[in-house]
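A short write-up of the structure that comes next.
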Amino acid sequence: MAVIKVKNLNFCYANDKVALENVNCEISEGEFVAIIGTNGSGKSTLAKHFNALLIPTEGKVFVDNLDTAIAENLWQIRSKVGMVFQNPDNEIIAAIVEDDVAFGLENLGIEPAEIRRRVDLSLDSVGMLNYKNFSPTKLSGGQKQRIAIAGTIAMQTKIIVFDEPTAMLDPQGRREVMRLIKKLHAQGLTIILITHFMDEAAQAEKIFIMSQGKILKSGTPQEIFSDIVQIKNLGLDVPAPVELADRLRRKGYKISKNILTAEDLAAELKGGN
């Protein structure tokens, strides 16, 4: 069942710059989708249509069959779709961690006892319950991003859009956030991940490649990264294990086309190839 449907979507900014052109796609309930593309390809613009931060210039976007262009639907749509952006310092506004996670719930008028329950549950789910009375300024970038994610979890959204959530993090912070994203997906949430890290995209179930405001191609990570030449012609890279596997093939090694991770490649080589 599709929870997001995009039909003939076109979008122009106020300066008449065309950002999206005839975009069509569907995202199923519980699916983990990555969206990749160079800067300016339209990734973030498309993502902002998923919770009606932007409204189509032409075409339609439906979230759980709700038309994002109808103002009366906005509250329901935004209660279903949460967004996490790339800079956690821009997302955290309170002086205490638990107050920040509670902020959205308080604005919705949720009962205090329910707020307390949700805040503790969401902080626990991201491994940050012991930090609930800390100042966010005392936390690492990865920890701050987990706090931002906890705030979205507390809203009980069924879809989370991550717009370059690891772009400003060190490698350890990136790993923390990706582990959490995969955990949320395993729990049944629909995950949409915009990233320029190809190793992150490779962990999704489906990938959309965007260029110049269009979706050029969609498929599984194996399908997308099997055409290394096309990927590089678009100004993108491939995961390092995919690159290494391709070089080994060209040297005569019998390496599967399904290699995505270092573990995949190690297992293949251990098998005697």
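Order determines the names: the first chain of the structure tokens is A, the second B, and so forth; residues in each chain are numbered 1 upward, and ligands are numbered 1 upward as they are shown.
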Requested in this report: Please provide the set of residues having any atom within 6 Å of stretch 115-132 of chain A, restricted to only C-alpha atoms, with same-chain residues fewer than 2 positions apart removed, written as an MDAnalysis selection string.
Outcome: chainID A and resid 97:98 112:113 134 150 153:154
Pull all heavy atoms from the residues just selected and write them as a tab-separated table (two decimals), in the first residue's frame.
```tsv
chain	number	residue	atom	x	y	z
A	97	VAL	N	17.30	18.82	27.40
A	97	VAL	CA	16.97	17.80	26.42
A	97	VAL	C	15.50	17.40	26.48
A	97	VAL	O	14.80	17.39	25.46
A	97	VAL	CB	17.87	16.55	26.61
A	97	VAL	CG1	17.28	15.34	25.90
A	97	VAL	CG2	19.28	16.83	26.11
A	98	GLU	N	14.99	17.05	27.66
A	98	GLU	CA	13.60	16.57	27.73
A	98	GLU	C	12.60	17.66	27.36
A	98	GLU	O	11.54	17.37	26.79
A	98	GLU	CB	13.29	16.00	29.11
A	98	GLU	CG	13.33	16.98	30.26
A	98	GLU	CD	12.92	16.34	31.58
A	98	GLU	OE1	12.59	15.14	31.59
A	98	GLU	OE2	12.93	17.05	32.61
A	112	PRO	N	-0.19	16.46	30.18
A	112	PRO	CA	1.16	16.38	30.76
A	112	PRO	C	1.63	14.96	31.04
A	112	PRO	O	2.79	14.62	30.80
A	112	PRO	CB	1.03	17.19	32.06
A	112	PRO	CG	-0.02	18.20	31.76
A	112	PRO	CD	-1.01	17.48	30.88
A	113	ALA	N	0.74	14.11	31.56
A	113	ALA	CA	1.14	12.73	31.86
A	113	ALA	C	1.52	11.98	30.59
A	113	ALA	O	2.46	11.18	30.57
A	113	ALA	CB	0.01	12.00	32.59
A	134	PHE	N	20.23	16.90	30.60
A	134	PHE	CA	21.43	17.59	30.13
A	134	PHE	C	21.06	18.80	29.29
A	134	PHE	O	19.97	18.88	28.72
A	134	PHE	CB	22.27	16.65	29.26
A	134	PHE	CG	23.19	15.74	30.02
A	134	PHE	CD1	22.73	14.96	31.06
A	134	PHE	CD2	24.54	15.66	29.68
A	134	PHE	CE1	23.58	14.10	31.75
A	134	PHE	CE2	25.40	14.80	30.37
A	134	PHE	CZ	24.92	14.03	31.40
A	150	ALA	N	14.34	11.94	18.41
A	150	ALA	CA	13.44	11.61	19.52
A	150	ALA	C	12.22	12.52	19.53
A	150	ALA	O	11.10	12.07	19.80
A	150	ALA	CB	14.18	11.72	20.85
A	153	ILE	N	9.92	11.14	16.95
A	153	ILE	CA	9.32	9.89	17.41
A	153	ILE	C	8.21	10.16	18.41
A	153	ILE	O	7.15	9.52	18.39
A	153	ILE	CB	10.39	8.98	18.05
A	153	ILE	CG1	11.40	8.53	16.99
A	153	ILE	CG2	9.76	7.76	18.72
A	153	ILE	CD1	12.60	7.82	17.57
A	154	ALA	N	8.42	11.13	19.30
A	154	ALA	CA	7.43	11.45	20.32
A	154	ALA	C	6.11	11.91	19.71
A	154	ALA	O	5.04	11.74	20.31
A	154	ALA	CB	7.98	12.54	21.25
```
Query raised in the report: If you count only C-alpha atoms, which residues fall within 12 Å of A:Pro136, apart from same-chain ones fewer than 2 positions away, as a PyMOL selection string?
Result: chain A and resi 88-101+128+131-134+138-148
Query raised in the report: Quick one: residues within 12 Å of A:Glu268, only C-alpha atoms counted, chain neighbours fewer than 5 positions away excluded, as a VMD selection string?
Result: chain A and resid 241 245 248 to 249 253 to 263 273
Take the residues just selected and output them with all heavy atoms as a short mmCIF file (atom, residue, chain, number, x, y, z; two decimals), in the first residue's frame.
```cif
data_model
loop_
_atom_site.label_atom_id
_atom_site.label_comp_id
_atom_site.auth_asym_id
_atom_site.auth_seq_id
_atom_site.Cartn_x
_atom_site.Cartn_y
_atom_site.Cartn_z
N PRO A 241 33.00 -0.52 -1.42
CA PRO A 241 33.06 -1.96 -1.76
C PRO A 241 32.59 -2.26 -3.18
O PRO A 241 33.08 -3.18 -3.82
CB PRO A 241 32.12 -2.60 -0.72
CG PRO A 241 32.10 -1.64 0.42
CD PRO A 241 32.19 -0.29 -0.22
N ALA A 245 34.96 -4.05 -5.84
CA ALA A 245 34.50 -5.27 -6.50
C ALA A 245 34.59 -5.13 -8.01
O ALA A 245 34.99 -6.07 -8.72
CB ALA A 245 33.07 -5.58 -6.07
N LEU A 248 38.19 -5.53 -9.10
CA LEU A 248 38.61 -6.93 -9.03
C LEU A 248 38.05 -7.72 -10.21
O LEU A 248 38.73 -8.60 -10.77
CB LEU A 248 38.15 -7.54 -7.71
CG LEU A 248 38.89 -7.06 -6.46
CD1 LEU A 248 38.20 -7.56 -5.20
CD2 LEU A 248 40.36 -7.50 -6.49
N ARG A 249 36.81 -7.42 -10.60
CA ARG A 249 36.21 -8.11 -11.75
C ARG A 249 37.03 -7.83 -13.01
O ARG A 249 37.25 -8.73 -13.82
CB ARG A 249 34.76 -7.63 -11.96
CG ARG A 249 33.74 -8.33 -11.10
CD ARG A 249 32.31 -7.95 -11.49
NE ARG A 249 31.53 -7.78 -10.28
CZ ARG A 249 31.21 -6.63 -9.73
NH1 ARG A 249 31.57 -5.50 -10.31
NH2 ARG A 249 30.52 -6.59 -8.62
N TYR A 253 38.83 -11.50 -11.44
CA TYR A 253 38.20 -12.19 -10.30
C TYR A 253 36.71 -12.37 -10.56
O TYR A 253 36.06 -11.48 -11.13
CB TYR A 253 38.41 -11.41 -9.01
CG TYR A 253 39.83 -11.43 -8.49
CD1 TYR A 253 40.77 -10.53 -8.98
CD2 TYR A 253 40.22 -12.35 -7.53
CE1 TYR A 253 42.09 -10.53 -8.51
CE2 TYR A 253 41.53 -12.36 -7.04
CZ TYR A 253 42.45 -11.46 -7.54
OH TYR A 253 43.74 -11.47 -7.08
N LYS A 254 36.19 -13.50 -10.14
CA LYS A 254 34.76 -13.76 -10.29
C LYS A 254 34.04 -13.23 -9.05
O LYS A 254 33.92 -13.92 -8.03
CB LYS A 254 34.51 -15.25 -10.48
CG LYS A 254 35.08 -15.80 -11.77
CD LYS A 254 34.81 -17.30 -11.90
CE LYS A 254 35.40 -17.83 -13.20
NZ LYS A 254 35.17 -19.31 -13.33
N ILE A 255 33.57 -12.01 -9.15
CA ILE A 255 32.92 -11.33 -8.04
C ILE A 255 31.47 -11.07 -8.39
O ILE A 255 31.16 -10.57 -9.48
CB ILE A 255 33.61 -9.98 -7.70
CG1 ILE A 255 35.10 -10.22 -7.41
CG2 ILE A 255 32.94 -9.31 -6.52
CD1 ILE A 255 35.40 -10.98 -6.15
N SER A 256 30.56 -11.40 -7.49
CA SER A 256 29.13 -11.20 -7.71
C SER A 256 28.80 -9.74 -7.97
O SER A 256 29.47 -8.83 -7.47
CB SER A 256 28.36 -11.69 -6.48
OG SER A 256 27.01 -11.24 -6.51
N LYS A 257 27.75 -9.51 -8.75
CA LYS A 257 27.27 -8.15 -9.02
C LYS A 257 26.47 -7.60 -7.85
O LYS A 257 26.04 -6.44 -7.87
CB LYS A 257 26.39 -8.16 -10.27
CG LYS A 257 27.14 -8.34 -11.58
CD LYS A 257 27.81 -7.06 -12.01
CE LYS A 257 28.35 -7.17 -13.43
NZ LYS A 257 28.97 -5.90 -13.86
N ASN A 258 26.21 -8.44 -6.83
CA ASN A 258 25.36 -8.02 -5.71
C ASN A 258 26.14 -7.43 -4.55
O ASN A 258 25.58 -7.23 -3.46
CB ASN A 258 24.53 -9.20 -5.22
CG ASN A 258 23.52 -9.66 -6.25
OD1 ASN A 258 22.95 -8.83 -6.97
ND2 ASN A 258 23.29 -10.95 -6.35
N ILE A 259 27.42 -7.16 -4.73
CA ILE A 259 28.24 -6.61 -3.65
C ILE A 259 27.81 -5.18 -3.34
O ILE A 259 27.75 -4.34 -4.22
CB ILE A 259 29.73 -6.63 -4.04
CG1 ILE A 259 30.21 -8.05 -4.30
CG2 ILE A 259 30.58 -5.96 -2.96
CD1 ILE A 259 30.10 -8.99 -3.13
N LEU A 260 27.53 -4.92 -2.06
CA LEU A 260 27.19 -3.57 -1.62
C LEU A 260 28.05 -3.12 -0.44
O LEU A 260 28.37 -1.94 -0.32
CB LEU A 260 25.71 -3.48 -1.21
CG LEU A 260 24.68 -3.48 -2.33
CD1 LEU A 260 23.27 -3.53 -1.74
CD2 LEU A 260 24.83 -2.26 -3.23
N THR A 261 28.39 -4.06 0.44
CA THR A 261 29.09 -3.70 1.67
C THR A 261 30.43 -4.40 1.75
O THR A 261 30.71 -5.36 1.01
CB THR A 261 28.26 -4.10 2.91
OG1 THR A 261 28.18 -5.54 2.97
CG2 THR A 261 26.85 -3.52 2.83
N ALA A 262 31.25 -3.94 2.69
CA ALA A 262 32.55 -4.58 2.92
C ALA A 262 32.35 -6.03 3.35
O ALA A 262 33.14 -6.91 2.98
CB ALA A 262 33.32 -3.81 3.98
N GLU A 263 31.28 -6.27 4.11
CA GLU A 263 30.99 -7.64 4.56
C GLU A 263 30.65 -8.54 3.38
O GLU A 263 31.08 -9.70 3.32
CB GLU A 263 29.85 -7.63 5.57
CG GLU A 263 30.17 -7.00 6.91
CD GLU A 263 30.22 -5.48 6.90
OE1 GLU A 263 29.71 -4.87 5.92
OE2 GLU A 263 30.79 -4.91 7.84
N ASN A 273 36.94 -16.86 -4.39
CA ASN A 273 37.02 -16.19 -5.70
C ASN A 273 38.32 -15.42 -5.82
O ASN A 273 38.83 -14.89 -4.88
CB ASN A 273 35.83 -15.21 -5.84
CG ASN A 273 34.54 -15.96 -6.01
OD1 ASN A 273 34.28 -16.52 -7.05
ND2 ASN A 273 33.72 -16.00 -4.96
#
```
Query raised in the report: Nearest to A:Val23 among A:Arg175, A:His185, A:Lys60, A:Lys214, with distances taken over only C-alpha atoms: which residue is it?
Result: A:Lys214
Report task. Would you list, as a PyMOL selection string, the residues of stretch 24-120 of chain A that end up in alpha helix (DSSP H) under DSSP run on this structure's backbone? Result -> chain A and resi 43-49+74-80+88-91+97-107+112-120
**Report entry** All residues 6 Å or closer to stretch 40-50 of chain A, only C-alpha atoms, same chain fewer than 5 positions away omitted, as a ChimeraX atom specification
**Finding:** /A:19,210-213
Output all heavy atoms for every residue in the selection just made, as a CSV table (one decimal), in the first residue's frame.
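Saved file selection.csv follows:
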```csv
chain,number,residue,atom,x,y,z
A,19,ALA,N,12.3,23.7,-10.1
A,19,ALA,CA,13.0,22.9,-9.2
A,19,ALA,C,12.6,21.4,-9.4
A,19,ALA,O,13.4,20.5,-9.1
A,19,ALA,CB,12.8,23.3,-7.7
A,210,MET,N,18.0,11.4,-8.5
A,210,MET,CA,17.4,12.6,-9.1
A,210,MET,C,18.5,13.4,-9.8
A,210,MET,O,19.7,13.4,-9.4
A,210,MET,CB,16.8,13.5,-8.0
A,210,MET,CG,15.6,12.8,-7.3
A,210,MET,SD,14.6,14.0,-6.4
A,210,MET,CE,13.9,15.1,-7.7
A,211,SER,N,18.1,14.1,-10.9
A,211,SER,CA,19.0,15.0,-11.6
A,211,SER,C,18.1,16.1,-12.3
A,211,SER,O,17.1,15.7,-12.9
A,211,SER,CB,19.8,14.2,-12.7
A,211,SER,OG,20.6,15.1,-13.4
A,212,GLN,N,18.5,17.3,-12.1
A,212,GLN,CA,17.8,18.5,-12.7
A,212,GLN,C,16.3,18.4,-12.5
A,212,GLN,O,15.5,18.6,-13.4
A,212,GLN,CB,18.1,18.5,-14.2
A,212,GLN,CG,19.6,18.7,-14.5
A,212,GLN,CD,20.0,18.8,-15.9
A,212,GLN,OE1,19.2,18.3,-16.8
A,212,GLN,NE2,21.1,19.4,-16.3
A,213,GLY,N,15.9,18.1,-11.3
A,213,GLY,CA,14.5,18.1,-10.9
A,213,GLY,C,13.6,16.9,-11.3
A,213,GLY,O,12.4,17.0,-11.2
```
**Report entry** Atom-to-atom span, atom CA of A:Phe85 and atom CA of A:Lys158, Å
**Finding:**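 It comes out at 17.1 Å.
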Report task. Using atom CA of A:Thr195 and atom CA of A:Pro165 as the two end points, give the distance in Å to one decimal. Result ->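 These atoms are spaced 7.7 Å apart.
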Report task. Could you give me, as a ChimeraX atom specification, the residues within 9 Å of stretch 27-38 of chain A, counting only C-alpha atoms and dropping anything in the same chain fewer than 6 positions from it? Result -> /A:1-6,158-159,182,185-198,200-212,234-236
Report task. Mind listing the strand (DSSP E) residues of stretch 55-272 of chain A, per DSSP on the backbone, as number ranges by chain? Result -> A: 58-63, 66-67, 81-84, 159-163, 190-194, 206-211, 214-219
Requested in this report: Could you give me, as a list of chain:residue names, the residues within 12 Å of A:Trp75, counting only C-alpha atoms and dropping anything in the same chain fewer than 3 positions from it?
Outcome: A:Asn51, A:Ala52, A:Leu53, A:Val63, A:Leu66, A:Asp67, A:Thr68, A:Ile70, A:Ala71, A:Glu72, A:Arg78, A:Ser79, A:Lys80, A:Val81, A:Gly82, A:Leu108, A:Thr157
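Using only C-alpha atoms, the smallest distance between any of A:Glu223, A:Leu169, A:Met155, A:Asn87 and A:Ala102 comes from A:Met155.
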